[in-house]
Amino acid sequence: MSSQGIYSLVSRGKTLETQMDSVANNLANVDTVGYKEDQPAFKEILSRTMGVAGRSDEETFATQDHLAPYGGAGVSFVATADMGKNFAPGRPRPTGNDTDLAIISSKGFFSIQTPQGERFTRAGNFRLNQERQLVTADGFQVVGKDGPLVIKSGKLQVADDGTLSVDDQPQGGLKIVTFPYPERLQKLGGAMFAPVDPENNARILEDVQVAQGYVESSNVDAVREMTRMIEANRAYTTMQRAITAADEMNQKALTLAQV
């Protein structure tokens with residue numbers, strides 16, 4: 001097998017590693033409230049340098065680390081196109097806690113104030129801090145339409161539209177937003193997201209339904225992820241065998257050439 005063919009096989013191995021990483025991350029977060037699964041996408045690339053002089057390793061790495069480091073060759077290889085996010089809603093899970101909230105639709109994010117700025121999440125496992133502010137499990141303030149939400153003592157009630165009240169006295173409303181291009185959101189730790197595209201600004205979501213006493217489960221399908229893991233393992237084994245076979249053929253060809 002030519003060096004180009006071996007290079008194509010190695011590039012496939014790299015994408016399989018990416019797939020395994022995404023599966024492992026999804027399975028690790030199968031019980032994480034509001035988690036949205038990773039969905040890696042791959043693409044085939046045909047590199048034709050057409051006799052152009054090969055670049056240095058540094059130049060290759062700085063531009064396209066999959067590009068064949070030699071000139072005058074056409075190489076077909078596979079690369080990671082994008083690490084997508086699956087925003088399908090998870091199953092609402094009852095908790096019985098008045099401060100736990102779930103958005104009952106595929107659209108909408110809770111607004112959270114963090115030291116790095118405003119972030120957005122589907123994880124509604126909230127609590128009250130010592131100042132009786134509504135905060136996330138990590139202690140970040142939940143943003144209301146008019147600022148931080150401070151809850152007075154009494155029976156907390158959350159209406160379907162995200163309006164809060166205590167003993168029938170209004171306490172403000174949740175700031176629930178949507179984005180024109182949710183697929184462009186940057187995924188962060190702690191089930192948080194942040195917009196990185198200036199055209200993807202947060203907008204108040206008017207048509208919203210919030211369920212009190214529930215949290216949104218992770219949308220990871222554990223059985224499907226296990227199937228993906230098995231498929232990736234088998235494909236990786238097949239790729240290794242192909243490389244081994246190609247290496248043995250090359251060794252035999254060299255031996256015959258020396259006779």
# chains A, B, ... in the order shown; residues from 1 in each chain; ligands from 1
call {"tool": "residues_around", "arguments": {"residues": "Met229 of chain A", "least_positions_apart": "5", "cutoff": "10 Å", "atoms": "only C-alpha atoms", "output": "list in words"}}
result
Leu16, Gln19, Met20, Asp21, Ser22, Val23, Ala24, Val223, Arg224, Arg234 and Ala235 of chain A
call {"tool": "residues_around", "arguments": {"residues": "Gly213 of chain A", "least_positions_apart": "6", "cutoff": "12 Å", "atoms": "only C-alpha atoms", "output": "ChimeraX atom specification"}}
result
/A:92-103,124-127,156-160
call {"tool": "write_last_selection", "arguments": {"atoms": "N, CA, C and O atoms", "output": "mmCIF file, in the first residue's frame"}}
result
data_model
loop_
_atom_site.group_PDB
_atom_site.id
_atom_site.type_symbol
_atom_site.label_atom_id
_atom_site.label_comp_id
_atom_site.auth_asym_id
_atom_site.auth_seq_id
_atom_site.Cartn_x
_atom_site.Cartn_y
_atom_site.Cartn_z
ATOM 1 N N PRO A 92 -38.286 15.583 31.584
ATOM 2 C CA PRO A 92 -38.492 16.258 32.876
ATOM 3 C C PRO A 92 -38.554 15.226 34.006
ATOM 4 O O PRO A 92 -39.315 14.256 33.911
ATOM 5 N N ARG A 93 -37.770 15.448 35.031
ATOM 6 C CA ARG A 93 -37.735 14.508 36.157
ATOM 7 C C ARG A 93 -38.236 15.209 37.420
ATOM 8 O O ARG A 93 -37.691 16.239 37.818
ATOM 9 N N PRO A 94 -39.261 14.681 38.066
ATOM 10 C CA PRO A 94 -39.796 15.337 39.268
ATOM 11 C C PRO A 94 -38.822 15.227 40.444
ATOM 12 O O PRO A 94 -38.183 14.198 40.650
ATOM 13 N N THR A 95 -38.713 16.318 41.204
ATOM 14 C CA THR A 95 -37.846 16.334 42.386
ATOM 15 C C THR A 95 -38.613 16.709 43.656
ATOM 16 O O THR A 95 -38.173 16.372 44.749
ATOM 17 N N GLY A 96 -39.696 17.459 43.505
ATOM 18 C CA GLY A 96 -40.442 17.912 44.674
ATOM 19 C C GLY A 96 -39.868 19.168 45.307
ATOM 20 O O GLY A 96 -40.446 19.689 46.268
ATOM 21 N N ASN A 97 -38.730 19.678 44.773
ATOM 22 C CA ASN A 97 -38.129 20.894 45.323
ATOM 23 C C ASN A 97 -38.700 22.127 44.618
ATOM 24 O O ASN A 97 -38.699 22.196 43.383
ATOM 25 N N ASP A 98 -39.157 23.089 45.396
ATOM 26 C CA ASP A 98 -39.787 24.278 44.818
ATOM 27 C C ASP A 98 -38.836 25.101 43.965
ATOM 28 O O ASP A 98 -39.268 25.829 43.067
ATOM 29 N N THR A 99 -37.527 25.015 44.251
ATOM 30 C CA THR A 99 -36.561 25.829 43.500
ATOM 31 C C THR A 99 -36.042 25.123 42.250
ATOM 32 O O THR A 99 -35.269 25.707 41.499
ATOM 33 N N ASP A 100 -36.439 23.880 42.037
ATOM 34 C CA ASP A 100 -36.046 23.164 40.819
ATOM 35 C C ASP A 100 -37.008 23.515 39.692
ATOM 36 O O ASP A 100 -38.229 23.448 39.858
ATOM 37 N N LEU A 101 -36.431 23.880 38.535
ATOM 38 C CA LEU A 101 -37.244 24.330 37.414
ATOM 39 C C LEU A 101 -36.777 23.663 36.121
ATOM 40 O O LEU A 101 -35.587 23.395 35.938
ATOM 41 N N ALA A 102 -37.720 23.411 35.241
ATOM 42 C CA ALA A 102 -37.406 22.813 33.940
ATOM 43 C C ALA A 102 -38.145 23.566 32.849
ATOM 44 O O ALA A 102 -39.317 23.929 33.013
ATOM 45 N N ILE A 103 -37.462 23.818 31.737
ATOM 46 C CA ILE A 103 -38.089 24.428 30.569
ATOM 47 C C ILE A 103 -38.669 23.306 29.711
ATOM 48 O O ILE A 103 -37.945 22.412 29.266
ATOM 49 N N GLY A 124 -31.830 23.456 35.576
ATOM 50 C CA GLY A 124 -32.605 24.267 36.508
ATOM 51 C C GLY A 124 -32.606 23.750 37.930
ATOM 52 O O GLY A 124 -33.558 24.003 38.683
ATOM 53 N N ASN A 125 -31.552 23.043 38.342
ATOM 54 C CA ASN A 125 -31.460 22.579 39.733
ATOM 55 C C ASN A 125 -30.918 23.719 40.598
ATOM 56 O O ASN A 125 -29.752 23.758 40.974
ATOM 57 N N PHE A 126 -31.822 24.650 40.898
ATOM 58 C CA PHE A 126 -31.460 25.857 41.618
ATOM 59 C C PHE A 126 -31.656 25.684 43.124
ATOM 60 O O PHE A 126 -32.251 24.715 43.597
ATOM 61 N N ARG A 127 -31.163 26.690 43.869
ATOM 62 C CA ARG A 127 -31.326 26.722 45.323
ATOM 63 C C ARG A 127 -31.292 28.173 45.776
ATOM 64 O O ARG A 127 -31.048 29.081 44.964
ATOM 65 N N LEU A 156 -42.806 29.516 47.694
ATOM 66 C CA LEU A 156 -42.427 29.945 46.354
ATOM 67 C C LEU A 156 -43.318 29.275 45.319
ATOM 68 O O LEU A 156 -43.515 28.063 45.334
ATOM 69 N N GLN A 157 -43.819 30.083 44.408
ATOM 70 C CA GLN A 157 -44.636 29.576 43.308
ATOM 71 C C GLN A 157 -44.083 30.116 41.994
ATOM 72 O O GLN A 157 -43.769 31.300 41.882
ATOM 73 N N VAL A 158 -43.950 29.239 41.027
ATOM 74 C CA VAL A 158 -43.450 29.621 39.704
ATOM 75 C C VAL A 158 -44.507 29.278 38.673
ATOM 76 O O VAL A 158 -44.891 28.110 38.529
ATOM 77 N N ALA A 159 -45.009 30.298 37.985
ATOM 78 C CA ALA A 159 -46.040 30.089 36.966
ATOM 79 C C ALA A 159 -45.435 29.505 35.701
ATOM 80 O O ALA A 159 -44.208 29.487 35.521
ATOM 81 N N ASP A 160 -46.305 29.040 34.814
ATOM 82 C CA ASP A 160 -45.841 28.436 33.568
ATOM 83 C C ASP A 160 -44.984 29.389 32.740
ATOM 84 O O ASP A 160 -44.089 28.953 32.013
#
call {"tool": "residues_around", "arguments": {"residues": "Val196 of chain A", "least_positions_apart": "4", "cutoff": "12 Å", "atoms": "only C-alpha atoms", "output": "ChimeraX atom specification"}}
result
/A:119,179,181-188,200-202
call {"tool": "atom_distance", "arguments": {"atom1": "atom CA of Leu149 of chain A", "atom2": "atom CA of Asp167 of chain A"}}
result
15.7 Å
call {"tool": "closest_residue", "arguments": {"among": "A:Ala191, A:Thr227, A:Gln130, A:Asp138", "to": "Glu37 of chain A", "atoms": "only C-alpha atoms"}}
result
A:Ala191
call {"tool": "atom_distance", "arguments": {"atom1": "atom CA of Tyr35 of chain A", "atom2": "atom CA of Phe120 of chain A"}}
result
12.1 Å
call {"tool": "select_by_dssp", "arguments": {"residues": "segment 118-150 of chain A", "states": "strand (DSSP E or B)", "output": "compact mmCIF listing (two decimals) with C-alpha atoms, in the first residue's frame"}}
result
# COMPACT_ATOMS: atom_id res chain seq x y z
CA GLU A 118 -23.76 36.14 31.41
CA ARG A 119 -24.00 32.45 30.57
CA PHE A 120 -26.94 30.23 29.65
CA THR A 121 -28.08 26.79 30.73
CA ASN A 125 -31.46 22.58 39.73
CA ARG A 127 -31.33 26.72 45.32
CA LEU A 128 -31.43 29.74 47.63
CA GLN A 133 -31.01 34.79 46.04
CA LEU A 134 -31.92 32.14 43.51
CA VAL A 135 -28.62 30.57 42.43
CA GLN A 141 -26.99 34.03 40.40
CA VAL A 142 -30.01 33.24 38.27
CA VAL A 143 -30.86 36.37 36.28
CA GLY A 144 -34.39 37.71 36.34
CA GLY A 147 -31.88 41.61 37.73
CA PRO A 148 -31.03 39.06 40.45
CA VAL A 150 -34.32 37.62 45.72
call {"tool": "atom_distance", "arguments": {"atom1": "atom CA of Thr136 of chain A", "atom2": "atom CA of Lys152 of chain A"}}
result
17.5 Å
